[in-house]
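See below for final_7.cif, which holds mmCIF, C-alpha atoms.
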```cif
data_start
loop_
_atom_site.label_atom_id
_atom_site.label_comp_id
_atom_site.auth_asym_id
_atom_site.auth_seq_id
_atom_site.Cartn_x
_atom_site.Cartn_y
_atom_site.Cartn_z
CA MET D 1 -22.24 38.00 14.01
CA ASN D 2 -20.24 40.63 12.21
CA GLN D 3 -21.55 40.50 8.64
CA TRP D 4 -18.22 41.29 6.99
CA LYS D 5 -16.57 38.46 8.86
CA ASN D 6 -19.49 36.26 7.86
CA PHE D 7 -18.88 37.12 4.20
CA SER D 8 -15.11 36.99 4.14
CA LYS D 9 -14.64 33.71 6.00
CA GLY D 10 -15.43 31.82 2.79
CA PHE D 11 -12.35 33.21 1.08
CA PHE D 12 -9.50 32.12 3.32
CA LYS D 13 -10.30 31.01 6.83
CA GLU D 14 -12.99 28.53 5.83
CA ASN D 15 -12.36 28.29 2.12
CA ALA D 16 -14.27 25.25 0.87
CA VAL D 17 -11.56 23.81 -1.35
CA PHE D 18 -8.30 24.85 0.31
CA THR D 19 -9.25 24.40 3.95
CA LEU D 20 -12.36 22.26 4.31
CA LEU D 21 -11.69 20.00 1.31
CA LEU D 22 -15.35 20.13 0.31
CA GLY D 23 -16.59 20.05 -3.26
CA MET D 24 -13.41 18.38 -4.47
CA CYS D 25 -14.99 16.58 -7.42
CA PRO D 26 -15.90 19.69 -9.41
CA ALA D 27 -12.77 21.45 -8.15
CA LEU D 28 -10.61 18.81 -9.81
CA GLY D 29 -12.91 17.81 -12.65
CA VAL D 30 -13.69 21.06 -14.42
CA THR D 31 -10.61 23.19 -13.80
CA SER D 32 -8.72 22.41 -16.99
CA SER D 33 -9.00 26.15 -17.76
CA ALA D 34 -9.61 29.28 -15.70
CA ILE D 35 -12.84 30.13 -17.48
CA ASN D 36 -14.35 26.68 -16.80
CA GLY D 37 -13.42 27.01 -13.14
CA LEU D 38 -15.01 30.45 -12.94
CA GLY D 39 -18.20 29.24 -14.67
CA MET D 40 -18.53 26.28 -12.34
CA GLY D 41 -17.82 28.49 -9.33
CA LEU D 42 -20.49 31.01 -10.28
CA ALA D 43 -23.07 28.30 -11.02
CA THR D 44 -22.39 26.80 -7.59
CA THR D 45 -22.60 30.25 -5.98
CA PHE D 46 -26.03 30.81 -7.49
CA VAL D 47 -27.32 27.45 -6.24
CA LEU D 48 -25.76 28.06 -2.83
CA VAL D 49 -27.30 31.50 -2.36
CA MET D 50 -30.76 30.50 -3.60
CA ALA D 51 -30.78 27.27 -1.56
CA ASN D 52 -29.67 29.21 1.53
CA ILE D 53 -32.51 31.72 1.03
CA VAL D 54 -35.19 29.06 0.66
CA VAL D 55 -33.88 26.87 3.46
CA SER D 56 -33.66 29.77 5.91
CA LEU D 57 -37.22 30.80 4.94
CA VAL D 58 -38.80 27.39 5.42
CA LYS D 59 -36.64 26.14 8.27
CA ASN D 60 -39.47 26.45 10.81
CA PHE D 61 -41.97 24.44 8.72
CA ILE D 62 -39.83 21.41 8.02
CA PRO D 63 -39.97 18.58 10.58
CA ASP D 64 -36.52 17.75 11.83
CA LYS D 65 -36.57 14.15 10.62
CA VAL D 66 -37.11 14.90 6.94
CA ARG D 67 -34.97 18.01 6.73
CA ILE D 68 -32.12 16.45 4.73
CA PRO D 69 -34.36 15.11 1.90
CA ALA D 70 -36.21 18.44 1.92
CA PHE D 71 -32.94 20.36 1.56
CA ILE D 72 -31.88 18.06 -1.26
CA VAL D 73 -35.12 18.74 -3.14
CA VAL D 74 -34.61 22.50 -2.77
CA ILE D 75 -31.02 22.23 -4.01
CA ALA D 76 -31.96 19.92 -6.89
CA THR D 77 -34.61 22.40 -8.03
CA PHE D 78 -32.11 25.22 -8.34
CA VAL D 79 -29.57 22.95 -10.00
CA THR D 80 -32.18 22.12 -12.64
CA VAL D 81 -32.76 25.86 -13.14
CA VAL D 82 -29.02 26.48 -13.59
CA GLU D 83 -28.78 23.52 -15.97
CA MET D 84 -31.55 24.88 -18.20
CA VAL D 85 -30.26 28.47 -18.15
CA MET D 86 -26.72 27.41 -19.02
CA GLN D 87 -27.90 25.12 -21.79
CA ALA D 88 -29.80 28.03 -23.31
CA TYR D 89 -27.33 30.91 -22.91
CA THR D 90 -23.83 29.43 -22.59
CA PRO D 91 -23.92 26.18 -24.61
CA ALA D 92 -20.11 26.00 -24.92
CA LEU D 93 -19.62 26.17 -21.15
CA PHE D 94 -22.50 23.73 -20.69
CA GLU D 95 -20.70 21.24 -22.94
CA ALA D 96 -17.36 21.77 -21.17
CA LEU D 97 -18.76 21.27 -17.67
CA GLY D 98 -20.97 18.38 -18.79
CA LEU D 99 -21.74 15.87 -16.07
CA PHE D 100 -20.57 18.20 -13.32
CA ILE D 101 -23.57 20.54 -13.58
CA PRO D 102 -26.15 17.99 -12.36
CA LEU D 103 -23.54 16.90 -9.83
CA ILE D 104 -23.78 20.28 -8.04
CA VAL D 105 -26.64 18.54 -6.21
CA VAL D 106 -24.23 16.26 -4.40
CA ASN D 107 -21.62 18.95 -3.78
CA CYS D 108 -21.14 18.58 -0.02
CA LEU D 109 -20.50 22.32 0.22
CA VAL D 110 -24.08 23.24 -0.74
CA LEU D 111 -25.80 20.73 1.53
CA GLY D 112 -23.27 21.50 4.24
CA ARG D 113 -24.10 25.22 4.29
CA ALA D 114 -27.85 24.55 4.18
CA GLU D 115 -27.56 22.19 7.13
CA ALA D 116 -24.92 23.98 9.17
CA PHE D 117 -25.81 27.63 8.55
CA ALA D 118 -29.06 28.42 6.73
CA SER D 119 -31.19 26.12 8.88
CA LYS D 120 -30.14 28.06 11.98
CA ASN D 121 -29.84 31.67 10.81
CA THR D 122 -31.89 34.51 9.36
CA VAL D 123 -32.40 35.06 5.63
CA GLY D 124 -30.06 38.05 5.52
CA SER D 125 -27.03 36.37 7.06
CA SER D 126 -27.73 33.17 5.08
CA VAL D 127 -27.50 35.14 1.83
CA ILE D 128 -24.21 36.68 2.91
CA ASP D 129 -22.88 33.32 4.05
CA GLY D 130 -23.91 31.68 0.76
CA ALA D 131 -22.38 34.45 -1.33
CA GLY D 132 -19.13 34.40 0.66
CA MET D 133 -18.71 30.64 0.57
CA GLY D 134 -19.76 30.47 -3.07
CA LEU D 135 -17.42 33.23 -4.24
CA GLY D 136 -14.60 31.72 -2.19
CA PHE D 137 -15.26 28.43 -3.98
CA ALA D 138 -15.31 30.26 -7.33
CA MET D 139 -12.03 31.96 -6.45
CA ALA D 140 -10.39 28.64 -5.57
CA LEU D 141 -11.61 27.04 -8.80
CA THR D 142 -10.46 29.99 -10.89
CA MET D 143 -7.02 29.93 -9.23
CA LEU D 144 -6.63 26.20 -9.79
CA GLY D 145 -7.93 26.51 -13.36
CA GLY D 146 -5.60 29.44 -14.03
CA VAL D 147 -2.54 27.58 -12.73
CA ARG D 148 -3.36 24.45 -14.72
CA GLU D 149 -4.11 26.39 -17.89
CA LEU D 150 -0.95 28.47 -17.59
CA LEU D 151 1.36 25.52 -16.89
CA GLY D 152 -0.40 23.15 -19.24
CA SER D 153 -1.05 25.15 -22.38
CA GLY D 154 0.59 28.55 -21.87
CA HIS D 155 -2.75 30.34 -21.85
CA PHE D 156 -4.49 32.39 -19.19
CA PHE D 157 -8.23 32.93 -19.63
CA GLY D 158 -7.66 31.90 -23.25
CA LEU D 159 -4.93 34.55 -23.70
CA ALA D 160 -1.63 33.20 -24.99
CA ILE D 161 1.20 33.92 -22.53
CA TYR D 162 3.92 31.71 -24.03
CA PRO D 163 3.97 29.23 -26.92
CA GLU D 164 1.87 26.15 -26.35
CA ASP D 165 4.75 23.82 -27.27
CA TYR D 166 6.52 24.66 -24.01
CA GLY D 167 3.47 23.77 -21.91
CA MET D 168 3.41 20.68 -19.71
CA LEU D 169 0.45 18.77 -21.09
CA VAL D 170 0.06 16.73 -17.93
CA PHE D 171 -1.35 19.72 -16.05
CA VAL D 172 -4.36 19.87 -18.36
CA LEU D 173 -4.94 16.14 -17.92
CA ALA D 174 -6.24 14.32 -14.86
CA PRO D 175 -3.00 13.78 -12.86
CA GLY D 176 -2.11 17.47 -13.10
CA ALA D 177 -5.32 18.39 -11.31
CA PHE D 178 -4.35 16.41 -8.21
CA ILE D 179 -0.74 17.58 -8.22
CA ALA D 180 -1.55 21.26 -8.83
CA LEU D 181 -4.17 21.30 -6.07
CA GLY D 182 -1.80 19.51 -3.68
CA TYR D 183 0.89 22.15 -4.15
CA LEU D 184 -1.61 25.04 -4.03
CA ILE D 185 -2.87 23.82 -0.65
CA ALA D 186 0.70 23.40 0.58
CA ILE D 187 1.53 27.00 -0.43
CA ILE D 188 -1.62 28.35 1.22
CA ASN D 189 -0.89 26.39 4.41
CA ARG D 190 2.55 27.95 4.44
CA PHE D 191 1.10 31.49 4.28
CA LYS D 192 -1.55 30.76 6.86
CA LYS D 193 0.99 29.76 9.46
CA ALA D 194 3.26 32.73 8.81
CA MET Y 1 -20.23 -2.35 -27.25
CA SER Y 2 -19.04 -5.70 -25.97
CA TYR Y 3 -19.18 -6.32 -22.25
CA PHE Y 4 -15.46 -6.92 -22.06
CA LEU Y 5 -14.72 -3.48 -23.45
CA ILE Y 6 -17.17 -1.86 -21.03
CA ILE Y 7 -15.45 -3.57 -18.11
CA ILE Y 8 -11.88 -2.71 -19.15
CA SER Y 9 -12.87 0.85 -19.99
CA ALA Y 10 -14.67 1.46 -16.69
CA ILE Y 11 -11.99 -0.11 -14.47
CA PHE Y 12 -8.78 1.08 -16.06
CA VAL Y 13 -9.06 3.54 -18.93
CA ASN Y 14 -11.82 5.80 -17.63
CA ASN Y 15 -11.33 5.01 -13.96
CA ILE Y 16 -14.13 6.73 -12.14
CA VAL Y 17 -11.90 8.34 -9.49
CA LEU Y 18 -8.61 8.97 -11.20
CA ALA Y 19 -9.80 9.90 -14.68
CA GLN Y 20 -13.34 11.20 -14.16
CA PHE Y 21 -12.96 12.81 -10.73
CA LEU Y 22 -16.08 11.26 -9.24
CA GLY Y 23 -16.20 10.16 -5.63
CA ILE Y 24 -13.16 12.18 -4.58
CA CYS Y 25 -14.61 12.91 -1.12
CA PRO Y 26 -14.64 9.27 0.06
CA PHE Y 27 -11.43 8.70 -1.90
CA LEU Y 28 -9.64 11.26 0.28
CA GLY Y 29 -11.79 10.81 3.38
CA VAL Y 30 -11.80 7.10 4.12
CA SER Y 31 -8.46 6.08 2.62
CA LYS Y 32 -6.37 6.24 5.77
CA ARG Y 33 -6.65 2.48 6.40
CA ILE Y 34 -6.99 -0.41 3.95
CA SER Y 35 -9.75 -2.01 6.07
CA THR Y 36 -12.02 1.05 5.93
CA GLY Y 37 -11.25 1.32 2.23
CA ILE Y 38 -12.53 -2.22 1.70
CA GLY Y 39 -15.68 -1.49 3.73
CA MET Y 40 -16.41 1.64 1.74
CA THR Y 41 -15.87 -0.22 -1.54
CA GLY Y 42 -18.36 -2.87 -0.50
CA ALA Y 43 -21.00 -0.31 0.39
CA VAL Y 44 -20.44 1.69 -2.79
CA THR Y 45 -20.62 -1.42 -5.00
CA PHE Y 46 -23.86 -2.48 -3.37
CA VAL Y 47 -25.59 0.89 -3.65
CA MET Y 48 -24.17 1.76 -7.06
CA VAL Y 49 -25.52 -1.36 -8.78
CA ILE Y 50 -28.98 -1.07 -7.19
CA ALA Y 51 -29.16 2.68 -7.82
CA THR Y 52 -28.17 2.26 -11.47
CA ILE Y 53 -30.86 -0.37 -12.04
CA VAL Y 54 -33.56 1.71 -10.35
CA THR Y 55 -32.64 4.98 -12.06
CA TRP Y 56 -32.40 3.18 -15.41
CA LEU Y 57 -35.94 1.91 -14.93
CA ILE Y 58 -37.18 5.36 -13.92
CA GLN Y 59 -35.53 7.01 -16.92
CA ASN Y 60 -36.89 4.50 -19.43
CA THR Y 61 -40.33 3.83 -18.02
CA ILE Y 62 -41.31 7.22 -16.60
CA LEU Y 63 -39.15 10.15 -17.68
CA ILE Y 64 -38.81 9.37 -21.39
CA PRO Y 65 -42.40 8.16 -22.12
CA PHE Y 66 -43.86 11.21 -20.36
CA GLY Y 67 -41.35 13.64 -21.87
CA VAL Y 68 -40.13 15.02 -18.56
CA THR Y 69 -36.41 14.27 -18.84
CA TYR Y 70 -35.60 17.67 -17.32
CA LEU Y 71 -36.68 16.18 -14.00
CA GLN Y 72 -33.76 13.75 -14.22
CA THR Y 73 -31.49 15.41 -11.64
CA ILE Y 74 -34.16 15.90 -9.02
CA SER Y 75 -35.76 12.47 -9.39
CA PHE Y 76 -32.45 10.59 -9.45
CA ILE Y 77 -31.10 12.22 -6.31
CA LEU Y 78 -34.35 11.60 -4.45
CA VAL Y 79 -34.34 7.96 -5.49
CA ILE Y 80 -30.72 7.53 -4.45
CA ALA Y 81 -31.26 9.24 -1.09
CA SER Y 82 -34.27 7.10 -0.24
CA LEU Y 83 -32.59 3.99 -1.62
CA VAL Y 84 -29.66 4.43 0.73
CA GLN Y 85 -32.06 4.69 3.67
CA LEU Y 86 -33.93 1.60 2.47
CA VAL Y 87 -30.76 -0.43 2.00
CA GLU Y 88 -29.69 0.56 5.49
CA ILE Y 89 -33.00 -0.58 7.04
CA VAL Y 90 -33.14 -3.85 5.08
CA MET Y 91 -29.51 -4.66 5.75
CA LYS Y 92 -29.95 -4.05 9.48
CA LYS Y 93 -32.87 -6.49 9.54
CA VAL Y 94 -31.64 -9.20 7.16
CA SER Y 95 -27.91 -9.34 7.66
CA PRO Y 96 -26.57 -7.78 10.86
CA PRO Y 97 -22.95 -8.83 10.16
CA LEU Y 98 -23.05 -7.07 6.78
CA TYR Y 99 -24.60 -4.05 8.46
CA GLN Y 100 -21.83 -4.09 11.04
CA ALA Y 101 -19.25 -4.03 8.28
CA LEU Y 102 -20.82 -1.50 5.91
CA GLY Y 103 -23.32 0.39 8.08
CA VAL Y 104 -21.18 3.36 9.01
CA PHE Y 105 -20.42 4.08 5.36
CA LEU Y 106 -24.00 4.06 4.12
CA PRO Y 107 -25.09 7.56 5.20
CA LEU Y 108 -21.98 8.99 3.54
CA ILE Y 109 -22.98 7.48 0.23
CA THR Y 110 -25.93 9.79 -0.45
CA THR Y 111 -23.55 12.63 -1.17
CA ASN Y 112 -21.07 10.44 -3.03
CA CYS Y 113 -21.16 11.91 -6.50
CA ALA Y 114 -19.94 8.64 -8.00
CA ILE Y 115 -23.38 7.09 -7.49
CA LEU Y 116 -25.31 9.90 -9.18
CA GLY Y 117 -22.54 10.31 -11.75
CA VAL Y 118 -22.66 6.66 -12.82
CA ALA Y 119 -26.46 6.74 -12.95
CA ILE Y 120 -26.41 9.79 -15.24
CA MET Y 121 -23.59 8.39 -17.40
CA THR Y 122 -25.46 5.11 -17.85
CA VAL Y 123 -28.48 7.02 -19.09
CA SER Y 124 -26.55 9.37 -21.36
CA LYS Y 125 -24.64 6.46 -22.95
CA GLU Y 126 -27.99 4.79 -23.69
CA PHE Y 127 -26.96 1.40 -22.33
CA ASN Y 128 -29.51 -1.40 -22.14
CA ILE Y 129 -30.23 -2.89 -18.73
CA VAL Y 130 -27.57 -5.64 -18.89
CA GLU Y 131 -24.91 -3.20 -20.05
CA ALA Y 132 -26.00 -0.82 -17.29
CA VAL Y 133 -25.48 -3.48 -14.63
CA VAL Y 134 -22.10 -4.48 -16.05
CA PHE Y 135 -21.02 -0.84 -16.33
CA SER Y 136 -22.03 0.07 -12.79
CA MET Y 137 -20.35 -3.02 -11.37
CA ALA Y 138 -17.13 -2.36 -13.27
CA SER Y 139 -17.18 1.29 -12.18
CA ALA Y 140 -17.49 0.19 -8.57
CA VAL Y 141 -14.56 -2.20 -9.03
CA GLY Y 142 -12.56 0.67 -10.50
CA PHE Y 143 -13.46 2.81 -7.50
CA GLY Y 144 -12.38 0.02 -5.16
CA LEU Y 145 -9.12 -0.55 -7.01
CA ALA Y 146 -8.19 3.13 -6.80
CA LEU Y 147 -9.33 3.51 -3.19
CA ILE Y 148 -7.58 0.41 -1.83
CA THR Y 149 -4.34 1.09 -3.73
CA PHE Y 150 -4.39 4.65 -2.42
CA ALA Y 151 -5.09 3.50 1.14
CA GLY Y 152 -2.15 1.10 0.93
CA ILE Y 153 0.16 3.92 -0.12
CA ARG Y 154 -1.16 6.24 2.59
CA GLU Y 155 -0.52 3.63 5.29
CA GLN Y 156 3.11 3.69 4.20
CA LEU Y 157 3.13 7.48 4.11
CA ASP Y 158 2.41 7.59 7.84
CA LEU Y 159 5.89 6.25 8.46
CA MET Y 160 7.60 8.78 6.20
CA ASN Y 161 9.24 12.04 7.07
CA ILE Y 162 7.19 14.64 5.20
CA PRO Y 163 7.95 18.39 5.05
CA LYS Y 164 5.63 20.27 7.36
CA GLY Y 165 3.73 22.23 4.74
CA MET Y 166 3.01 19.10 2.72
CA GLN Y 167 1.57 17.06 5.57
CA GLY Y 168 -2.04 15.90 5.37
CA ALA Y 169 -4.06 16.85 2.34
CA PRO Y 170 -1.27 18.19 0.05
CA ILE Y 171 0.85 15.03 0.08
CA ALA Y 172 -2.27 12.88 -0.33
CA LEU Y 173 -3.27 14.87 -3.42
CA VAL Y 174 0.20 14.63 -4.94
CA VAL Y 175 0.20 10.87 -4.35
CA ALA Y 176 -3.23 10.65 -5.98
CA GLY Y 177 -1.81 12.58 -8.93
CA ILE Y 178 1.04 10.11 -9.35
CA LEU Y 179 -1.46 7.26 -9.11
CA ALA Y 180 -3.54 8.93 -11.81
CA LEU Y 181 -0.39 9.24 -13.90
CA ALA Y 182 0.08 5.48 -13.61
CA PHE Y 183 -3.51 4.88 -14.69
CA MET Y 184 -2.94 7.12 -17.72
CA GLY Y 185 -0.76 4.34 -19.06
CA PHE Y 186 -3.98 2.52 -19.91
CA ALA Y 187 -5.16 5.37 -22.13
CA GLY Y 188 -5.77 4.38 -25.70
CA MET Y 189 -6.28 0.72 -24.82
CA VAL Y 190 -9.98 0.86 -25.67
#
```
Would you mind writing the structure in this file as structure tokens?
Amino acid sequence: MNQWKNFSKGFFKENAVFTLLLGMCPALGVTSSAINGLGMGLATTFVLVMANIVVSLVKNFIPDKVRIPAFIVVIATFVTVVEMVMQAYTPALFEALGLFIPLIVVNCLVLGRAEAFASKNTVGSSVIDGAGMGLGFAMALTMLGGVRELLGSGHFFGLAIYPEDYGMLVFVLAPGAFIALGYLIAIINRFKKA
Amino acid sequence: MSYFLIIISAIFVNNIVLAQFLGICPFLGVSKRISTGIGMTGAVTFVMVIATIVTWLIQNTILIPFGVTYLQTISFILVIASLVQLVEIVMKKVSPPLYQALGVFLPLITTNCAILGVAIMTVSKEFNIVEAVVFSMASAVGFGLALITFAGIREQLDLMNIPKGMQGAPIALVVAGILALAFMGFAGMV
């Protein structure tokens, strides 16, 4: 397969959040600001790429029947690594993302790519696939976080754009996550058809 | 904390789907019909309570005494994955009607983050075993309440005239947002 196509499909055509509706829990849960969304997206990208590498390396040694538990163990290992690294180097982000870091394990996107792509393809294309899907996920989370932060508190990446008093608080809270994502998907659908 | 407060908090104030964003995938995926919503709720309740008890025991009898709490994520997910398989096998053998009703939902539950999320929350809130059972049960009821309400609304939505761009996922998400807005009315109660 054309490697560029393999990489870029994660951004629009098969974007995890906007098109496939995978990984919705972190997409809605941590995107109260753009920086949180970006952090979560990059953490997921790391797990995705590493899990894809390992799965594509060991795919021939794992019996078919136990492949799902085996994949889960691989993913959980890298999630634990990310958890420890973030706790040590970015404690503020670690606090903000909280429960959602261990929950990368059950992000359907990661297991989905391991099962659907890495277990059938070479290491090289699995890395590219993981990076593309992961960065597409990070992009979606950053967009959603940016929109919510801008509408909710008048900030963008922590930079004040307009006074906070004019912000619509609801967009930083739970309902705003659903509504903002709903409209973002509607807008993207509109552009895709055009 | 009194049990009553745990129950009210888990069902309404900190609703697992609409306030904590756990279990969104089944919330959006199996909410097209009320009947499938009820089936999913039953399966989730069943697995969530058992998984919480088992992971609580693992945390307090193995991970903490041996000082290996960093293995929490990996051990919990393994336990939950094998537990789901086990429940499926036992249910098939012991109660075929129950298996008929809930069977199709069981494999989906392994990657339902609500199960792992509740297990981790129970541990991090340092509940005792009775509180853990009450909390997991109330969380499952909260999940069911949100899911079945949402399914009821979506059944009505099928009959509506929706702008083309909003059809499918977008309108479902906006409806979920309005539902979450309604649940926000409970904020500050506990």
Check: which chain D residues lie within 6 Å of chain Y using only C-alpha atoms, as a PDB file with C-alpha atoms, keeping the file's coordinate frame:
```pdb
ATOM      1  CA  CYS D  25     -14.990  16.580  -7.420  1.00  0.00           C
ATOM      2  CA  GLY D  29     -12.910  17.810 -12.650  1.00  0.00           C
ATOM      3  CA  ALA D  76     -31.960  19.920  -6.890  1.00  0.00           C
ATOM      4  CA  PRO D 102     -26.150  17.990 -12.360  1.00  0.00           C
ATOM      5  CA  VAL D 106     -24.230  16.260  -4.400  1.00  0.00           C
ATOM      6  CA  ALA D 174      -6.240  14.320 -14.860  1.00  0.00           C
ATOM      7  CA  PRO D 175      -3.000  13.780 -12.860  1.00  0.00           C
ATOM      8  CA  PHE D 178      -4.350  16.410  -8.210  1.00  0.00           C
ATOM      9  CA  ILE D 179      -0.740  17.580  -8.220  1.00  0.00           C
ATOM     10  CA  GLY D 182      -1.800  19.510  -3.680  1.00  0.00           C
ATOM     11  CA  ILE D 185      -2.870  23.820  -0.650  1.00  0.00           C
ATOM     12  CA  ALA D 186       0.700  23.400   0.580  1.00  0.00           C
ATOM     13  CA  ARG D 190       2.550  27.950   4.440  1.00  0.00           C
TER      14      ARG D 190
END
```
Residues matched by the PyMOL selection byres ((chain Y and resi 54) around 12), written as a ChimeraX atom specification: /Y:47-53,55-62,75-80,82-83,115-116,119-120,122-123,129,132-133,136
Just to be explicit: take each residue in the selection above, keep C-alpha atoms, and write the result as a PDB file, in the coordinates of the input.
```pdb
ATOM      1  CA  VAL Y  47     -25.590   0.890  -3.650  1.00  0.00           C
ATOM      2  CA  MET Y  48     -24.170   1.760  -7.060  1.00  0.00           C
ATOM      3  CA  VAL Y  49     -25.520  -1.360  -8.780  1.00  0.00           C
ATOM      4  CA  ILE Y  50     -28.980  -1.070  -7.190  1.00  0.00           C
ATOM      5  CA  ALA Y  51     -29.160   2.680  -7.820  1.00  0.00           C
ATOM      6  CA  THR Y  52     -28.170   2.260 -11.470  1.00  0.00           C
ATOM      7  CA  ILE Y  53     -30.860  -0.370 -12.040  1.00  0.00           C
ATOM      8  CA  THR Y  55     -32.640   4.980 -12.060  1.00  0.00           C
ATOM      9  CA  TRP Y  56     -32.400   3.180 -15.410  1.00  0.00           C
ATOM     10  CA  LEU Y  57     -35.940   1.910 -14.930  1.00  0.00           C
ATOM     11  CA  ILE Y  58     -37.180   5.360 -13.920  1.00  0.00           C
ATOM     12  CA  GLN Y  59     -35.530   7.010 -16.920  1.00  0.00           C
ATOM     13  CA  ASN Y  60     -36.890   4.500 -19.430  1.00  0.00           C
ATOM     14  CA  THR Y  61     -40.330   3.830 -18.020  1.00  0.00           C
ATOM     15  CA  ILE Y  62     -41.310   7.220 -16.600  1.00  0.00           C
ATOM     16  CA  SER Y  75     -35.760  12.470  -9.390  1.00  0.00           C
ATOM     17  CA  PHE Y  76     -32.450  10.590  -9.450  1.00  0.00           C
ATOM     18  CA  ILE Y  77     -31.100  12.220  -6.310  1.00  0.00           C
ATOM     19  CA  LEU Y  78     -34.350  11.600  -4.450  1.00  0.00           C
ATOM     20  CA  VAL Y  79     -34.340   7.960  -5.490  1.00  0.00           C
ATOM     21  CA  ILE Y  80     -30.720   7.530  -4.450  1.00  0.00           C
ATOM     22  CA  SER Y  82     -34.270   7.100  -0.240  1.00  0.00           C
ATOM     23  CA  LEU Y  83     -32.590   3.990  -1.620  1.00  0.00           C
ATOM     24  CA  ILE Y 115     -23.380   7.090  -7.490  1.00  0.00           C
ATOM     25  CA  LEU Y 116     -25.310   9.900  -9.180  1.00  0.00           C
ATOM     26  CA  ALA Y 119     -26.460   6.740 -12.950  1.00  0.00           C
ATOM     27  CA  ILE Y 120     -26.410   9.790 -15.240  1.00  0.00           C
ATOM     28  CA  THR Y 122     -25.460   5.110 -17.850  1.00  0.00           C
ATOM     29  CA  VAL Y 123     -28.480   7.020 -19.090  1.00  0.00           C
ATOM     30  CA  ILE Y 129     -30.230  -2.890 -18.730  1.00  0.00           C
ATOM     31  CA  ALA Y 132     -26.000  -0.820 -17.290  1.00  0.00           C
ATOM     32  CA  VAL Y 133     -25.480  -3.480 -14.630  1.00  0.00           C
ATOM     33  CA  SER Y 136     -22.030   0.070 -12.790  1.00  0.00           C
TER      34      SER Y 136
END
```
Could you list, as a VMD selection string, every residue matched by the PyMOL selection byres ((chain D and resi 52) around 10) in this structure? chain D and resid 46 to 51 53 to 57 71 74 to 75 110 to 111 113 to 115 117 to 119 121 to 131
Measuring between only C-alpha atoms, which one of Y:Asn128, Y:Ser2, Y:Gln100, Y:Asn14 shows the shortest distance to Gly188 of chain Y?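 Looking at the shortest contact to Gly188 of chain Y, the residue is Y:Asn14.
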Need the shell around Glu164 of chain D: protein/DNA/RNA residues with any atom at most 9 Å away, counting all atoms listed in the file. Skip same-chain ones fewer than 5 positions apart. Format as a PyMOL selection string? chain D and resi 152-155
Prev. selection, C-alpha atoms, output as a JSON list (two decimals), in the frame of the given file:
```
[["chain", "number", "residue", "atom", "x", "y", "z"],
["D", 152, "GLY", "CA", -0.40, 23.15, -19.24],
["D", 153, "SER", "CA", -1.05, 25.15, -22.38],
["D", 154, "GLY", "CA", 0.59, 28.55, -21.87],
["D", 155, "HIS", "CA", -2.75, 30.34, -21.85]]
```
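Between atom CA of Gly185 of chain Y and atom CA of Gly167 of chain D there is a distance of 20.1 Å.
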Length of the atom CA of Asn15 of chain Y to atom CA of Phe27 of chain Y vector [Å]: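 These atoms are spaced 12.6 Å apart.
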Exercise: Ile109 of chain Y partners within 8 Å, all atoms listed in the file, chain neighbours under 4 positions left out, as an MDAnalysis selection string: chainID Y and resid 44 84 105 115
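As for atom CA of Leu20 of chain D and atom CA of Ile11 of chain Y, they are spaced 29.2 Å apart.
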Quick one: apply the PyMOL selection byres ((chain D and resi 158) around 12) to the file and drop the selected residues here as an MDAnalysis selection string. chainID D and resid 32:36 145:146 149:150 153:157 159:162 164
Point out the residue among D:Gly39, D:Phe61, D:Met133, D:Val66 with the least atom-to-atom distance to Gly112 of chain D, counting all atoms listed in the file.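 Among D:Gly39, D:Phe61, D:Met133, D:Val66, it is D:Met133 that comes nearest to Gly112 of chain D.
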Sel. within 10 Å of pt (-9.4, 33.6, 2.6), counting all atoms listed in the file, output as a PDB file with C-alpha atoms, in the coordinates of the input:
```pdb
ATOM      1  CA  SER D   8     -15.110  36.990   4.140  1.00  0.00           C
ATOM      2  CA  LYS D   9     -14.640  33.710   6.000  1.00  0.00           C
ATOM      3  CA  GLY D  10     -15.430  31.820   2.790  1.00  0.00           C
ATOM      4  CA  PHE D  11     -12.350  33.210   1.080  1.00  0.00           C
ATOM      5  CA  PHE D  12      -9.500  32.120   3.320  1.00  0.00           C
ATOM      6  CA  LYS D  13     -10.300  31.010   6.830  1.00  0.00           C
ATOM      7  CA  GLU D  14     -12.990  28.530   5.830  1.00  0.00           C
ATOM      8  CA  ASN D  15     -12.360  28.290   2.120  1.00  0.00           C
ATOM      9  CA  ALA D  16     -14.270  25.250   0.870  1.00  0.00           C
ATOM     10  CA  PHE D  18      -8.300  24.850   0.310  1.00  0.00           C
ATOM     11  CA  THR D  19      -9.250  24.400   3.950  1.00  0.00           C
ATOM     12  CA  GLY D 132     -19.130  34.400   0.660  1.00  0.00           C
ATOM     13  CA  MET D 133     -18.710  30.640   0.570  1.00  0.00           C
ATOM     14  CA  GLY D 136     -14.600  31.720  -2.190  1.00  0.00           C
ATOM     15  CA  MET D 139     -12.030  31.960  -6.450  1.00  0.00           C
ATOM     16  CA  ALA D 140     -10.390  28.640  -5.570  1.00  0.00           C
ATOM     17  CA  ILE D 188      -1.620  28.350   1.220  1.00  0.00           C
ATOM     18  CA  LYS D 192      -1.550  30.760   6.860  1.00  0.00           C
TER      19      LYS D 192
END
```
Can you pull out the residues contacting Phe4 of chain Y? Cut-off 12 Å, using only C-alpha atoms, and skip same-chain residues under 4 positions away; I want them as a VMD selection string. chain Y and resid 8 to 11 131 134 to 135 138 190
Give me the residues near segment 81-87 of chain D as a VMD selection string, where near means some atom within 7 Å (using all atoms listed in the file) and where sequence neighbours in that chain fewer than 6 positions away do not count. chain D and resid 43 94 101
